[in-house]
Structures are given as C-alpha cells and as structure tokens.
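Okay, entry.cif is below, mmCIF, C-alpha atoms:
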```
data_model
loop_
_atom_site.group_PDB
_atom_site.id
_atom_site.type_symbol
_atom_site.label_atom_id
_atom_site.label_comp_id
_atom_site.auth_asym_id
_atom_site.auth_seq_id
_atom_site.Cartn_x
_atom_site.Cartn_y
_atom_site.Cartn_z
ATOM 1 C CA MET A 4 -20.921 -16.369 -6.854
ATOM 2 C CA GLY A 5 -19.840 -12.780 -6.055
ATOM 3 C CA GLN A 6 -17.123 -10.748 -7.653
ATOM 4 C CA PRO A 7 -13.517 -11.920 -7.371
ATOM 5 C CA PRO A 8 -11.652 -10.461 -4.418
ATOM 6 C CA CYS A 9 -9.676 -7.323 -4.985
ATOM 7 C CA ILE A 10 -5.887 -7.816 -4.991
ATOM 8 C CA VAL A 11 -4.423 -5.378 -2.483
ATOM 9 C CA ILE A 12 -0.932 -3.893 -2.732
ATOM 10 C CA ALA A 13 0.432 -2.683 0.625
ATOM 11 C CA GLY A 14 3.786 -1.529 1.917
ATOM 12 C CA PRO A 15 5.674 1.430 3.316
ATOM 13 C CA PRO A 16 6.433 4.618 1.392
ATOM 14 C CA GLY A 17 8.981 3.854 -1.308
ATOM 15 C CA SER A 18 8.075 0.190 -1.672
ATOM 16 C CA GLY A 19 6.678 0.731 -5.166
ATOM 17 C CA LYS A 20 2.903 0.515 -4.659
ATOM 18 C CA SER A 21 2.076 3.324 -7.093
ATOM 19 C CA THR A 22 4.413 1.925 -9.753
ATOM 20 C CA VAL A 23 3.842 -1.808 -9.326
ATOM 21 C CA GLY A 24 0.062 -1.638 -8.811
ATOM 22 C CA PRO A 25 -0.818 -0.343 -12.299
ATOM 23 C CA LEU A 26 1.712 -2.687 -13.928
ATOM 24 C CA LEU A 27 0.249 -5.682 -12.090
ATOM 25 C CA ALA A 28 -3.288 -4.657 -13.062
ATOM 26 C CA GLN A 29 -2.201 -4.350 -16.688
ATOM 27 C CA ARG A 30 -0.524 -7.762 -16.557
ATOM 28 C CA LEU A 31 -3.676 -9.353 -15.086
ATOM 29 C CA GLY A 32 -6.017 -7.442 -17.408
ATOM 30 C CA VAL A 33 -7.965 -5.858 -14.537
ATOM 31 C CA PRO A 34 -8.587 -2.248 -13.459
ATOM 32 C CA PHE A 35 -6.258 -0.412 -11.081
ATOM 33 C CA ARG A 36 -7.345 1.807 -8.210
ATOM 34 C CA ASP A 37 -5.285 3.780 -5.677
ATOM 35 C CA SER A 38 -6.888 4.600 -2.321
ATOM 36 C CA ASP A 39 -4.798 7.792 -2.081
ATOM 37 C CA ASP A 40 -6.353 9.020 -5.352
ATOM 38 C CA ASP A 41 -9.809 8.193 -3.964
ATOM 39 C CA ILE A 42 -9.058 10.213 -0.809
ATOM 40 C CA VAL A 43 -7.878 13.238 -2.814
ATOM 41 C CA ALA A 44 -10.972 13.018 -5.042
ATOM 42 C CA ARG A 45 -13.331 12.717 -2.061
ATOM 43 C CA ALA A 46 -11.684 15.507 -0.033
ATOM 44 C CA GLY A 47 -11.011 17.748 -3.006
ATOM 45 C CA ARG A 48 -7.499 18.533 -1.771
ATOM 46 C CA PRO A 49 -4.063 16.921 -1.425
ATOM 47 C CA ILE A 50 -3.283 14.453 1.363
ATOM 48 C CA ALA A 51 -0.595 16.730 2.830
ATOM 49 C CA GLU A 52 -3.236 19.451 3.181
ATOM 50 C CA ILE A 53 -5.670 17.047 4.915
ATOM 51 C CA PHE A 54 -2.898 16.145 7.390
ATOM 52 C CA ALA A 55 -2.005 19.802 7.974
ATOM 53 C CA ASP A 56 -5.565 21.111 8.334
ATOM 54 C CA ASN A 57 -7.384 18.197 9.956
ATOM 55 C CA GLY A 58 -4.651 15.996 11.452
ATOM 56 C CA GLU A 59 -3.719 12.367 10.977
ATOM 57 C CA PRO A 60 -6.781 10.896 12.802
ATOM 58 C CA ALA A 61 -9.178 12.639 10.389
ATOM 59 C CA PHE A 62 -7.099 11.470 7.427
ATOM 60 C CA ARG A 63 -7.024 7.872 8.719
ATOM 61 C CA ALA A 64 -10.814 7.847 9.214
ATOM 62 C CA LEU A 65 -11.334 9.010 5.628
ATOM 63 C CA GLU A 66 -8.762 6.489 4.410
ATOM 64 C CA GLU A 67 -10.516 3.623 6.186
ATOM 65 C CA GLU A 68 -13.873 4.650 4.699
ATOM 66 C CA VAL A 69 -12.463 4.889 1.156
ATOM 67 C CA ILE A 70 -10.716 1.510 1.440
ATOM 68 C CA ALA A 71 -13.873 -0.178 2.766
ATOM 69 C CA GLU A 72 -15.747 1.060 -0.305
ATOM 70 C CA ALA A 73 -12.986 0.032 -2.688
ATOM 71 C CA LEU A 74 -12.747 -3.477 -1.212
ATOM 72 C CA ALA A 75 -16.510 -3.885 -1.556
ATOM 73 C CA GLU A 76 -16.840 -2.676 -5.143
ATOM 74 C CA HIS A 77 -13.474 -2.995 -6.935
ATOM 75 C CA ASP A 78 -12.510 -6.205 -8.713
ATOM 76 C CA GLY A 79 -8.985 -5.371 -9.764
ATOM 77 C CA VAL A 80 -5.774 -4.250 -8.079
ATOM 78 C CA LEU A 81 -6.030 -1.773 -5.201
ATOM 79 C CA SER A 82 -3.005 0.079 -3.882
ATOM 80 C CA VAL A 83 -3.449 1.331 -0.314
ATOM 81 C CA GLY A 84 -1.503 4.013 1.533
ATOM 82 C CA GLY A 85 1.479 2.979 3.629
ATOM 83 C CA GLY A 86 -0.330 3.404 6.955
ATOM 84 C CA ALA A 87 -3.719 2.066 5.852
ATOM 85 C CA VAL A 88 -3.114 -1.410 7.272
ATOM 86 C CA LEU A 89 -2.721 0.030 10.774
ATOM 87 C CA ALA A 90 -6.503 0.508 11.048
ATOM 88 C CA GLU A 91 -8.140 -2.468 12.752
ATOM 89 C CA GLY A 92 -11.239 -2.153 10.553
ATOM 90 C CA THR A 93 -9.119 -2.284 7.414
ATOM 91 C CA GLN A 94 -7.195 -5.297 8.735
ATOM 92 C CA LYS A 95 -10.491 -7.169 9.199
ATOM 93 C CA ARG A 96 -11.759 -6.163 5.756
ATOM 94 C CA LEU A 97 -8.562 -7.452 4.112
ATOM 95 C CA VAL A 98 -9.305 -11.029 5.217
ATOM 96 C CA GLY A 99 -10.210 -13.068 2.143
ATOM 97 C CA HIS A 100 -8.353 -10.774 -0.243
ATOM 98 C CA PRO A 101 -4.922 -11.527 -1.669
ATOM 99 C CA VAL A 102 -2.711 -8.928 0.046
ATOM 100 C CA VAL A 103 0.726 -8.326 -1.462
ATOM 101 C CA PHE A 104 3.249 -6.778 0.923
ATOM 102 C CA LEU A 105 5.973 -4.970 -1.013
ATOM 103 C CA ASN A 106 8.864 -5.138 1.404
ATOM 104 C CA VAL A 107 11.543 -2.471 1.018
ATOM 105 C CA GLY A 108 14.693 -2.129 3.070
ATOM 106 C CA PHE A 109 15.667 1.096 4.793
ATOM 107 C CA ALA A 110 18.380 2.169 2.319
ATOM 108 C CA ALA A 111 16.297 1.478 -0.799
ATOM 109 C CA GLY A 112 13.223 3.078 0.749
ATOM 110 C CA VAL A 113 15.080 6.259 1.702
ATOM 111 C CA GLN A 114 16.577 6.478 -1.787
ATOM 112 C CA ARG A 115 13.160 6.044 -3.433
ATOM 113 C CA VAL A 116 11.131 8.461 -1.303
ATOM 114 C CA GLY A 117 13.900 11.030 -1.219
ATOM 115 C CA LEU A 118 12.481 11.949 2.196
ATOM 116 C CA SER A 119 10.152 14.326 0.432
ATOM 117 C CA THR A 120 8.105 16.845 2.372
ATOM 118 C CA ALA A 121 5.154 15.847 0.173
ATOM 119 C CA ARG A 122 4.901 12.838 2.493
ATOM 120 C CA PRO A 123 3.381 14.227 5.687
ATOM 121 C CA LEU A 124 4.643 11.509 8.011
ATOM 122 C CA LEU A 125 8.231 12.071 6.877
ATOM 123 C CA ALA A 126 8.195 15.828 7.342
ATOM 124 C CA GLY A 127 10.086 16.942 10.430
ATOM 125 C CA VAL A 128 13.462 17.287 12.040
ATOM 126 C CA ASN A 129 14.917 13.870 11.215
ATOM 127 C CA PRO A 130 13.074 12.187 8.331
ATOM 128 C CA ARG A 131 15.584 9.299 8.125
ATOM 129 C CA ALA A 132 14.954 8.349 11.763
ATOM 130 C CA THR A 133 11.217 8.786 11.246
ATOM 131 C CA TYR A 134 11.334 6.497 8.202
ATOM 132 C CA ARG A 135 13.342 3.856 10.104
ATOM 133 C CA SER A 136 10.845 3.943 13.008
ATOM 134 C CA LEU A 137 7.938 3.728 10.588
ATOM 135 C CA LEU A 138 9.428 0.645 8.882
ATOM 136 C CA GLU A 139 10.148 -1.092 12.196
ATOM 137 C CA ALA A 140 6.712 -0.353 13.673
ATOM 138 C CA ARG A 141 4.725 -1.362 10.593
ATOM 139 C CA LEU A 142 6.645 -4.465 9.492
ATOM 140 C CA PRO A 143 4.773 -6.880 11.809
ATOM 141 C CA VAL A 144 1.423 -5.440 10.691
ATOM 142 C CA TYR A 145 2.273 -5.743 6.987
ATOM 143 C CA ARG A 146 3.332 -9.345 7.537
ATOM 144 C CA ALA A 147 0.193 -10.125 9.563
ATOM 145 C CA VAL A 148 -2.182 -8.967 6.809
ATOM 146 C CA ALA A 149 -0.161 -10.177 3.816
ATOM 147 C CA THR A 150 -0.803 -13.387 1.942
ATOM 148 C CA ILE A 151 2.220 -12.701 -0.283
ATOM 149 C CA GLU A 152 5.470 -10.897 0.559
ATOM 150 C CA VAL A 153 7.791 -9.693 -2.195
ATOM 151 C CA ALA A 154 11.158 -8.057 -1.554
ATOM 152 C CA THR A 155 11.583 -5.005 -3.784
ATOM 153 C CA ASP A 156 15.199 -3.992 -3.141
ATOM 154 C CA ASP A 157 17.421 -4.379 -6.221
ATOM 155 C CA ARG A 158 14.466 -5.378 -8.413
ATOM 156 C CA THR A 159 12.884 -3.559 -11.322
ATOM 157 C CA PRO A 160 9.125 -2.970 -11.303
ATOM 158 C CA ALA A 161 8.771 -5.632 -14.027
ATOM 159 C CA GLU A 162 10.675 -8.171 -11.905
ATOM 160 C CA ILE A 163 8.437 -7.373 -8.927
ATOM 161 C CA VAL A 164 5.311 -7.838 -11.054
ATOM 162 C CA ASP A 165 6.685 -11.195 -12.300
ATOM 163 C CA ALA A 166 7.277 -12.321 -8.708
ATOM 164 C CA ILE A 167 3.759 -11.267 -7.636
ATOM 165 C CA ALA A 168 2.155 -12.986 -10.639
ATOM 166 C CA ARG A 169 4.003 -16.224 -9.810
ATOM 167 C CA GLU A 170 2.895 -16.041 -6.159
ATOM 168 C CA LEU A 171 -0.734 -15.281 -7.123
ATOM 169 C CA ALA A 172 -0.744 -18.292 -9.455
ATOM 170 C CA LEU A 173 0.617 -20.482 -6.618
ATOM 171 C CA GLU A 174 -2.051 -19.123 -4.253
ATOM 172 C CA GLU A 175 -4.799 -20.006 -6.726
ATOM 173 C CA THR A 176 -3.646 -23.622 -6.989
ATOM 174 C CA GLN A 177 -3.634 -24.168 -3.234
#
```
Can you turn what I pasted into structure tokens?
Amino acid sequence: MGQPPCIVIAGPPGSGKSTVGPLLAQRLGVPFRDSDDDIVARAGRPIAEIFADNGEPAFRALEEEVIAEALAEHDGVLSVGGGAVLAEGTQKRLVGHPVVFLNVGFAAGVQRVGLSTARPLLAGVNPRATYRSLLEARLPVYRAVATIEVATDDRTPAEIVDAIARELALEETQ
C-alpha cells in the first residue's frame, strides 16, 4: 500500500488556511506544508513579485507544478493558495485526497485579509468588490473539489480544527 493521501486545505484569502493548516497537522501528528512557501522557495522571491514581474499565468503554472509535487510526496496537511483549485490539472490531482474547504463569508474575509496590498489579486481600485467577485466566482469550484466544507465565520482556529477532525473521522468510517 502507498502513502496515505495528503489532506488538502483550500479556501479563499482570509479563510484561515495558513492558521488552521499547521494546527490541524499538529492535532493529527503529521507534517504541515504550504504551497505558497514552496513557490517562494522555488522562485527565490515573494509571490507579489512573481505576479508583478511575470504575471498571474506564470505564477499559476508554477503553483500547479509545486502542488503536483506536494500531492505526490507529502503525507501530511497541505495548504494551497486561494486560486490553486482553479487549475484543471490541480482539480484532477485532488481526486482521492481529503480536501477541506474553509468557507468564509464576505464580511469576515474582508476583516481578516484587511484588503492588504501584499495579496496581488486584491490590489487595485476597489479591493472589496474584487474580493466579493473572487468569492462568488470560486465558491462553486471550492465546493466541487471539497470532500469536507467547514464554515469559519465566528469560529476560533481551534474550533475549526475540531470541526475538521470530526469530519475526517466520519469520512474514514464511511
């Protein structure tokens, strides 16, 4: 038998992937990996710089490559960037992995991301409208790839981890 499938944490900016992922890994006693960290390490520069210098398509190609490698070799919790699930190749590779969609509402998401310019897709004239459009466009994709959906509004990271752990245990018994 091969290695256990990697547990993937997905969701829009502000959903809690970078906070919840390491906590879930710790709870399950497995390693944590963040695809954004892998991209920065591979490129040798920040994501915002990759977007600015090379454009979103180049970033997405690198992201897809890094996630393919992580899914093949990582046996813990993997947090993926908010737009990673938009790539068809990544969607196909996620099949067979538990995929946790951290669902965040507009108000909570805006509060959490602070509409920071460090997030390239939210930079621009009207970041609130951009964030709303991003949530609306990606929601069906997140739901299509997810095996578990957890609402994150009005929940602490520990409560979110508890909810994910319960759902993972239910998934294993089915």
Within 12 Å of (4.1, -6.3, 10.7) (file coordinates; all atoms listed in the file), which protein or nucleic acid residues are there? I'd like them as JSON, numbers by chain.
{"A": [13, 14, 15, 85, 86, 88, 89, 94, 104, 105, 106, 137, 138, 139, 140, 141, 142, 143, 144, 145, 146, 147, 148, 149, 152]}
May I have the residues within 8 Å of Ile42 in chain A as a ChimeraX atom specification, using only C-alpha atoms and disregarding those fewer than 3 positions away in the same chain?
/A:38-39,45-46,50,65-66,69
Matched chain/residue IDs from the PyMOL selection byres ((chain A and resi 170) around 12), as a ChimeraX atom specification
/A:101-104,149-153,163-169,171-177
Export of prior selection with C-alpha atoms as a JSON list (two decimals), in the frame of the given file:
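The result, written out as out-v1.json:
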```json
[["chain", "number", "residue", "atom", "x", "y", "z"],
["A", 101, "PRO", "CA", -4.92, -11.53, -1.67],
["A", 102, "VAL", "CA", -2.71, -8.93, 0.05],
["A", 103, "VAL", "CA", 0.73, -8.33, -1.46],
["A", 104, "PHE", "CA", 3.25, -6.78, 0.92],
["A", 149, "ALA", "CA", -0.16, -10.18, 3.82],
["A", 150, "THR", "CA", -0.80, -13.39, 1.94],
["A", 151, "ILE", "CA", 2.22, -12.70, -0.28],
["A", 152, "GLU", "CA", 5.47, -10.90, 0.56],
["A", 153, "VAL", "CA", 7.79, -9.69, -2.19],
["A", 163, "ILE", "CA", 8.44, -7.37, -8.93],
["A", 164, "VAL", "CA", 5.31, -7.84, -11.05],
["A", 165, "ASP", "CA", 6.68, -11.20, -12.30],
["A", 166, "ALA", "CA", 7.28, -12.32, -8.71],
["A", 167, "ILE", "CA", 3.76, -11.27, -7.64],
["A", 168, "ALA", "CA", 2.15, -12.99, -10.64],
["A", 169, "ARG", "CA", 4.00, -16.22, -9.81],
["A", 171, "LEU", "CA", -0.73, -15.28, -7.12],
["A", 172, "ALA", "CA", -0.74, -18.29, -9.46],
["A", 173, "LEU", "CA", 0.62, -20.48, -6.62],
["A", 174, "GLU", "CA", -2.05, -19.12, -4.25],
["A", 175, "GLU", "CA", -4.80, -20.01, -6.73],
["A", 176, "THR", "CA", -3.65, -23.62, -6.99],
["A", 177, "GLN", "CA", -3.63, -24.17, -3.23]]
```
Might you pull out every residue within 8 Å of Pro34 in chain A, with all atoms listed in the file counted and same-chain residues fewer than 2 positions away left off, and present them as a VMD selection string?
chain A and resid 28 to 29 32 36 78 to 80
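With CA of Ile12 in chain A on one side and CA of Gly84 in chain A on the other, the separation reads 9.0 Å.
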Check which residues satisfy the PyMOL selection byres ((chain A and resi 24) around 8) in the file shown, then give them as JSON, numbers by chain.
{"A": [12, 19, 20, 21, 22, 23, 25, 26, 27, 28, 35, 80, 81, 82]}
Could you list, as a PyMOL selection string, every residue matched by the PyMOL selection byres ((chain A and resi 92) around 12) in this structure?
chain A and resi 63-64+66-71+74+87-91+93-98+148
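Taking CA of Glu52 in chain A and CA of Pro16 in chain A as endpoints, the distance between them is 17.8 Å.
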